[in-house]
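Below: the structure, in structure tokens.
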Amino acid sequence: MNEKSYTELMKIGAMKRHRKENFVQDLYIDMLLSEIQLNVEREKLLKKIDCAIDHRDKQNFYLLSKQLVEINKRFGT
């Protein structure tokens, strides 16, 4: 019979928990980086929209506004 000792079982359990914690941590980091990236894109786009308004460029304003709507959809707002 190939029975494992209590110590070995505890080590295996600890390793599984550690892998699960790493997965959750990696997932959180990915989510955070995605949110930062979307915020940066959104801020750049808002500045371009402001510039289009200042220059009374309707065509560019409409184009940029559509892009902003798409970013907001990706952002979940």
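Quick note on naming: the chains in the structure tokens go A, B, ... in the order shown, residues restart at 1 in each chain, and ligands are numbered from 1 in order of appearance.
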Counting only C-alpha atoms, what is within 7 Å of segment 30-47 of chain A, bar same-chain residues fewer than 4 positions away, as a list in words?
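Surrounding residues, per the criterion: Asp26, Cys51, Leu64, Leu68, Ile71 and Phe75 of chain A.
A straight line drawn from atom CA of Met10 of chain A to atom CA of Leu27 of chain A is 25.7 Å long.
Taking only C-alpha atoms, the non-local environment of Tyr62 of chain A within 12 Å (same-chain residues fewer than 3 positions away omitted) comprises Leu45, Lys48, Ile49, Asp50, Ala52, Ile53, Arg56, Asp57, Lys58, Gln59, Ser65, Lys66, Gln67, Leu68 and Val69 of chain A.
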Output file for the residues above (N, CA, C and O atoms, as a compact mmCIF listing (two decimals), in the first residue's frame):
```txt
# COMPACT_ATOMS: atom_id res chain seq x y z
N LEU A 45 -8.64 59.73 -25.25
CA LEU A 45 -9.77 59.97 -26.14
C LEU A 45 -10.56 61.20 -25.71
O LEU A 45 -10.97 62.01 -26.55
N LYS A 48 -8.77 64.23 -26.88
CA LYS A 48 -8.96 64.43 -28.32
C LYS A 48 -10.35 64.98 -28.62
O LYS A 48 -10.52 65.83 -29.49
N ILE A 49 -11.35 64.51 -27.87
CA ILE A 49 -12.72 65.01 -28.04
C ILE A 49 -12.78 66.49 -27.66
O ILE A 49 -13.39 67.30 -28.38
N ASP A 50 -12.14 66.85 -26.56
CA ASP A 50 -12.10 68.26 -26.16
C ASP A 50 -11.45 69.12 -27.24
O ASP A 50 -11.92 70.21 -27.55
N ALA A 52 -11.32 68.44 -30.46
CA ALA A 52 -12.24 68.51 -31.60
C ALA A 52 -13.34 69.53 -31.33
O ALA A 52 -13.74 70.28 -32.25
N ILE A 53 -13.82 69.60 -30.11
CA ILE A 53 -14.85 70.59 -29.75
C ILE A 53 -14.26 71.99 -29.86
O ILE A 53 -14.88 72.90 -30.42
N ARG A 56 -14.09 72.99 -33.35
CA ARG A 56 -15.40 72.86 -34.01
C ARG A 56 -15.35 71.85 -35.17
O ARG A 56 -15.93 72.07 -36.23
N ASP A 57 -14.67 70.75 -34.92
CA ASP A 57 -14.51 69.68 -35.91
C ASP A 57 -15.56 68.60 -35.65
O ASP A 57 -15.32 67.66 -34.91
N LYS A 58 -16.74 68.77 -36.28
CA LYS A 58 -17.86 67.87 -36.02
C LYS A 58 -17.54 66.43 -36.44
O LYS A 58 -17.86 65.48 -35.72
N GLN A 59 -16.95 66.28 -37.61
CA GLN A 59 -16.68 64.94 -38.12
C GLN A 59 -15.76 64.16 -37.18
O GLN A 59 -16.03 63.02 -36.83
N SER A 65 -16.34 60.23 -30.55
CA SER A 65 -17.44 59.89 -29.64
C SER A 65 -17.84 58.43 -29.80
O SER A 65 -18.12 57.74 -28.80
N LYS A 66 -17.86 57.93 -31.04
CA LYS A 66 -18.16 56.52 -31.26
C LYS A 66 -17.09 55.64 -30.62
O LYS A 66 -17.40 54.60 -30.03
N GLN A 67 -15.84 56.06 -30.72
CA GLN A 67 -14.74 55.30 -30.10
C GLN A 67 -14.90 55.30 -28.57
O GLN A 67 -14.64 54.29 -27.92
N LEU A 68 -15.33 56.42 -28.02
CA LEU A 68 -15.54 56.51 -26.58
C LEU A 68 -16.66 55.56 -26.14
O LEU A 68 -16.55 54.90 -25.10
N VAL A 69 -17.71 55.47 -26.93
CA VAL A 69 -18.81 54.54 -26.62
C VAL A 69 -18.29 53.11 -26.60
O VAL A 69 -18.62 52.33 -25.70
```
